[in-house]
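Here's final.cif, which has mmCIF, C-alpha atoms:
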data_coords
loop_
_atom_site.label_atom_id
_atom_site.label_comp_id
_atom_site.auth_asym_id
_atom_site.auth_seq_id
_atom_site.Cartn_x
_atom_site.Cartn_y
_atom_site.Cartn_z
CA MET A 285 -8.92 -49.86 -14.74
CA SER A 286 -11.84 -49.63 -17.17
CA ARG A 287 -12.60 -46.61 -19.30
CA LYS A 288 -15.78 -46.04 -17.30
CA SER A 289 -13.80 -46.02 -14.03
CA LEU A 290 -11.22 -43.62 -15.50
CA ALA A 291 -13.95 -41.27 -16.75
CA THR A 292 -15.71 -41.40 -13.38
CA ALA A 293 -12.44 -40.73 -11.53
CA GLY A 294 -11.71 -37.76 -13.83
CA LEU A 295 -15.17 -36.28 -13.29
CA LEU A 296 -14.85 -36.78 -9.54
CA ALA A 297 -11.45 -35.07 -9.50
CA THR A 298 -12.81 -32.16 -11.53
CA ALA A 299 -15.82 -31.79 -9.22
CA LEU A 300 -13.62 -31.93 -6.12
CA THR A 301 -11.22 -29.34 -7.53
CA ALA A 302 -14.10 -27.00 -8.40
CA THR A 303 -15.62 -27.44 -4.93
CA LEU A 304 -12.40 -26.93 -2.98
CA ALA A 305 -10.85 -24.18 -5.13
CA PRO A 306 -11.44 -20.57 -4.09
CA SER A 307 -14.06 -18.78 -6.09
CA ALA A 308 -13.03 -16.64 -9.03
CA GLN A 309 -14.23 -13.59 -7.07
CA ALA A 310 -11.92 -14.37 -4.14
CA ALA A 311 -8.97 -14.94 -6.47
CA THR A 312 -9.44 -11.52 -8.08
CA ALA A 313 -10.59 -9.60 -4.99
CA THR A 314 -8.49 -6.49 -4.39
CA LEU A 315 -8.49 -3.38 -2.22
CA SER A 316 -8.71 0.14 -3.72
CA ARG A 317 -7.38 3.38 -2.22
CA ALA A 318 -10.95 4.51 -1.51
CA GLU A 319 -11.66 1.28 0.39
CA TYR A 320 -8.36 1.60 2.30
CA ASP A 321 -9.35 5.12 3.37
CA LYS A 322 -12.73 3.87 4.69
CA VAL A 323 -11.04 1.62 7.28
CA LYS A 324 -10.24 4.03 10.12
CA ILE A 325 -8.00 3.59 13.16
CA GLY A 326 -10.08 1.86 15.85
CA ALA A 327 -12.15 -0.11 13.32
CA SER A 328 -12.87 -3.80 13.83
CA ILE A 329 -11.66 -6.74 11.75
CA ALA A 330 -15.27 -7.20 10.61
CA LYS A 331 -15.24 -3.63 9.25
CA LEU A 332 -12.09 -4.40 7.23
CA HIS A 333 -13.74 -7.46 5.69
CA SER A 334 -17.02 -5.64 4.98
CA VAL A 335 -15.18 -2.81 3.18
CA ALA A 336 -12.58 -4.93 1.36
CA GLY A 337 -14.89 -7.72 0.30
CA ASN A 338 -14.32 -11.42 0.47
CA GLY A 339 -10.82 -12.63 -0.28
CA ALA A 340 -8.94 -9.33 -0.69
CA CYS A 341 -7.31 -9.50 2.77
CA LYS A 342 -5.68 -12.49 4.43
CA LYS A 343 -4.48 -12.89 7.99
CA THR A 344 -0.70 -13.14 7.74
CA ALA A 345 0.35 -13.03 11.40
CA SER A 346 -1.12 -13.31 14.86
CA GLN A 347 0.21 -13.27 18.38
CA SER A 348 -1.35 -13.34 21.81
CA GLY A 349 -0.35 -13.05 25.42
CA PRO A 350 -2.04 -12.34 28.72
CA GLY A 351 -4.63 -9.64 28.06
CA TYR A 352 -3.47 -8.80 24.52
CA SER A 353 -3.74 -10.23 21.04
CA SER A 354 -2.60 -8.87 17.70
CA LYS A 355 -3.48 -9.84 14.16
CA VAL A 356 -2.03 -8.59 10.90
CA TYR A 357 -3.99 -8.66 7.65
CA THR A 358 -2.33 -8.13 4.29
CA CYS A 359 -4.47 -7.09 1.33
CA LYS A 360 -3.78 -7.26 -2.38
CA GLY A 361 -4.14 -3.82 -3.94
CA ASN A 362 -6.00 -3.06 -7.15
CA LYS A 363 -2.97 -1.36 -8.75
CA ARG A 364 0.11 -3.14 -10.05
CA TYR A 365 2.50 -4.06 -7.19
CA SER A 366 0.23 -2.43 -4.58
CA THR A 367 -0.53 -3.75 -1.12
CA ALA A 368 -2.02 -2.71 2.20
CA MET A 369 -1.43 -3.93 5.74
CA PHE A 370 -3.69 -3.62 8.77
CA THR A 371 -2.55 -4.40 12.34
CA PHE A 372 -5.20 -5.02 14.98
CA GLY A 373 -4.61 -4.99 18.74
CA ASN A 374 -7.35 -6.66 20.77
CA GLY A 375 -9.61 -6.57 17.71
CA LYS A 376 -9.22 -2.84 16.99
CA LEU A 377 -7.17 -1.34 14.14
CA SER A 378 -4.02 0.24 15.58
CA ILE A 379 -1.78 0.68 12.49
CA LYS A 380 -2.52 0.72 8.78
CA SER A 381 -0.15 1.18 5.86
CA GLN A 382 -0.25 0.98 2.09
CA ALA A 383 2.14 1.06 -0.81
CA GLY A 384 1.18 1.78 -4.41
CA LEU A 385 -2.60 2.09 -3.98
CA ASP A 386 -2.59 5.59 -5.48
CA GLY A 387 -1.24 4.11 -8.73
CA LYS A 388 0.34 7.39 -9.83
CA LYS A 389 3.73 7.83 -11.48
CA SER A 390 6.08 10.78 -11.40
CA ASN A 391 6.15 12.83 -14.61
CA GLY A 392 9.97 12.62 -14.59
CA LYS A 393 10.71 16.32 -14.16
CA MET A 394 12.69 16.24 -10.90
CA THR A 395 16.04 18.06 -10.84
CA LYS A 396 18.82 18.55 -8.32
CA ALA A 397 17.96 22.28 -8.11
CA LYS A 398 14.37 21.45 -7.15
CA TYR A 399 15.59 18.85 -4.65
CA LYS A 400 17.80 21.44 -2.90
CA LYS A 401 14.76 23.70 -2.33
CA ILE A 402 12.88 20.96 -0.46
CA THR A 403 14.46 20.99 2.99
CA LYS A 404 13.68 19.52 6.40
CA GLY A 405 10.54 20.99 7.99
CA LYS A 406 8.81 21.83 4.69
CA THR A 407 5.19 20.74 4.22
CA ILE A 408 3.83 18.45 1.53
CA ALA A 409 2.27 21.49 -0.19
CA GLN A 410 5.65 23.28 -0.16
CA MET A 411 7.29 20.18 -1.69
CA HIS A 412 4.73 20.16 -4.52
CA SER A 413 5.18 23.90 -5.04
CA ALA A 414 8.98 23.59 -5.32
CA ALA A 415 8.97 20.43 -7.46
CA GLY A 416 6.04 21.27 -9.75
CA LYS A 417 2.77 19.56 -10.55
CA GLY A 418 2.98 15.79 -11.00
CA VAL A 419 6.69 15.55 -10.19
CA CYS A 420 6.36 13.96 -6.72
CA VAL A 421 3.80 11.24 -6.10
CA ARG A 422 2.85 9.51 -2.86
CA SER A 423 4.16 5.97 -3.01
CA ALA A 424 3.35 4.84 0.55
CA ASP A 425 1.79 6.04 3.76
CA SER A 426 0.83 4.81 7.20
CA GLN A 427 -1.24 5.88 10.14
CA GLY A 428 -1.08 4.75 13.75
CA GLN A 429 -2.79 5.33 17.04
CA GLY A 430 -1.98 8.65 18.62
CA GLY A 431 -2.42 10.50 15.33
CA ILE A 432 0.99 9.75 13.86
CA LYS A 433 0.86 9.83 10.06
CA THR A 434 3.77 9.17 7.72
CA ALA A 435 4.03 9.47 3.95
CA ILE A 436 6.73 8.74 1.39
CA TYR A 437 6.84 10.66 -1.90
CA LEU A 438 8.88 9.59 -4.93
CA CYS A 439 10.08 12.09 -7.54
CA GLU A 440 11.86 10.91 -10.69
CA GLN A 441 14.12 12.44 -13.31
CA SER A 442 13.56 10.95 -16.76
CA ARG A 443 16.46 12.09 -18.98
CA THR A 444 19.23 10.40 -17.06
CA TYR A 445 18.04 8.12 -14.35
CA GLY A 446 17.75 9.87 -11.02
CA SER A 447 15.24 10.04 -8.24
CA ALA A 448 14.46 11.67 -4.93
CA SER A 449 12.35 10.48 -2.05
CA PHE A 450 10.88 12.50 0.76
CA GLY A 451 9.57 11.17 4.07
CA PHE A 452 6.98 13.20 5.99
CA THR A 453 5.75 12.73 9.55
CA ASN A 454 2.50 14.52 10.36
CA GLY A 455 2.88 16.63 7.22
CA LYS A 456 6.44 17.87 7.84
CA LEU A 457 9.54 16.69 5.95
CA ASP A 458 11.94 14.82 8.22
CA VAL A 459 13.89 12.53 5.83
CA ARG A 460 14.99 13.04 2.24
CA SER A 461 17.38 11.34 -0.16
CA GLN A 462 18.31 11.51 -3.81
CA TYR A 463 20.33 9.49 -6.27
CA GLY A 464 21.65 10.60 -9.64
CA LEU A 465 19.78 13.88 -9.94
CA ARG A 466 21.30 16.46 -12.29
#
Turn the structure described in the file into structure tokens.
Amino acid sequence: MSRKSLATAGLLATALTATLAPSAQAATATLSRAEYDKVKIGASIAKLHSVAGNGACKKTASQSGPGYSSKVYTCKGNKRYSTAMFTFGNGKLSIKSQAGLDGKKSNGKMTKAKYKKITKGKTIAQMHSAAGKGVCVRSADSQGQGGIKTAIYLCEQSRTYGSASFGFTNGKLDVRSQYGLR
């Protein structure tokens, strides 16, 4: 092959790669917490894409049967290790969930004594009151049709490793666990 042919082939390959590769915007497109909050239960897939922008959310699953179809979109979050998921039934948002979009970290001041004060049935406000400001941070939440809302809060202890997690359904504590708190 001549040098001219090699140079032409290289230029052609470069041009093809640039044409077929996703744009830099799509590769860096992410979803923020504010954008996640704008997509409400009952919204359309088009609404998700208009809020999230091009390339932030990808269809990761779909299924259909007589009279029903479902599609799941997974979105890359704008915080480290964050993600969001949107499930649509017949084109309308039925469930949404996120993990890490808040981007907050516990201040490390959780203790076993504080954990014992946060019991089943307490509200999120009561948890924050017992634990202290900045101790427990929301790490994930979801919302579904019928008004069911869940949230997971993580509270860490910094001196010796220990942590607690609290699971709330419609604002009331229903699950809690801890490991290594002193």
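What separates CA of Thr453 (chain A) from CA of Gln347 (chain A) is a distance of 28.0 Å.
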Using the chain letters and residue numbers of this document, give as a PyMOL selection string the residues selected by the PyMOL selection byres ((chain A and resi 317) around 10). chain A and resi 315-316+318-322+361-363+366-368+382-387
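Across the structure, CA of Gly451 (chain A) and CA of Phe372 (chain A) are spaced 24.5 Å apart.
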For CA of Ala435 (chain A) and CA of Ser348 (chain A), determine how far apart the two atoms are, in Å to one decimal place. 29.5 Å
Between A:Ile432, A:Ala313, A:Ala424, A:Cys359, which has the minimum distance to Lys342 (chain A) (counting all atoms listed in the file)? A:Cys359
Which residue gives the smallest distance to Gly392 (chain A) among A:Gln429, A:Ser346, A:Ser442, A:Ser423, with only C-alpha atoms counted? A:Ser442
Leaving out Gly351 (chain A) and any residue of its chain fewer than 4 positions from it, which residues lie within 12 Å of it when counting all atoms listed in the file, given as a ChimeraX atom specification? /A:347,373-375
Given the file shown, determine the residues that the PyMOL selection byres ((chain A and resi 371) around 12) selects; report them as a PyMOL selection string. chain A and resi 323-329+332+341-347+353-359+368-370+372-382+426-429
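Considering all atoms listed in the file, the residue among A:Arg364, A:Thr312, A:Tyr445, A:Val421 positioned nearest to Gly339 (chain A) is A:Thr312.
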Can you give me, as a PyMOL selection string, the residues this file yields under the PyMOL selection byres ((chain A and resi 389-391) around 6)? chain A and resi 388+392-393+418-421+439-440
Which is closer to Leu438 (chain A) than all the others in A:Tyr399, A:Lys456, A:Pro350, A:Thr314, using all atoms listed in the file? A:Tyr399
For the point (5.8, 23.0, -0.5) in file coordinates, what residues are within 12 Å, counting all atoms listed in the file? Give the answer as a compact mmCIF listing (two decimals) with C-alpha atoms, in the coordinates of the input?
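Generated output (part_36.txt):
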# COMPACT_ATOMS: atom_id res chain seq x y z
CA LYS A 398 14.37 21.45 -7.15
CA TYR A 399 15.59 18.85 -4.65
CA LYS A 401 14.76 23.70 -2.33
CA ILE A 402 12.88 20.96 -0.46
CA THR A 403 14.46 20.99 2.99
CA LYS A 404 13.68 19.52 6.40
CA GLY A 405 10.54 20.99 7.99
CA LYS A 406 8.81 21.83 4.69
CA THR A 407 5.19 20.74 4.22
CA ILE A 408 3.83 18.45 1.53
CA ALA A 409 2.27 21.49 -0.19
CA GLN A 410 5.65 23.28 -0.16
CA MET A 411 7.29 20.18 -1.69
CA HIS A 412 4.73 20.16 -4.52
CA SER A 413 5.18 23.90 -5.04
CA ALA A 414 8.98 23.59 -5.32
CA ALA A 415 8.97 20.43 -7.46
CA GLY A 416 6.04 21.27 -9.75
CA LYS A 417 2.77 19.56 -10.55
CA CYS A 420 6.36 13.96 -6.72
CA PHE A 450 10.88 12.50 0.76
CA PHE A 452 6.98 13.20 5.99
CA GLY A 455 2.88 16.63 7.22
CA LYS A 456 6.44 17.87 7.84
CA LEU A 457 9.54 16.69 5.95
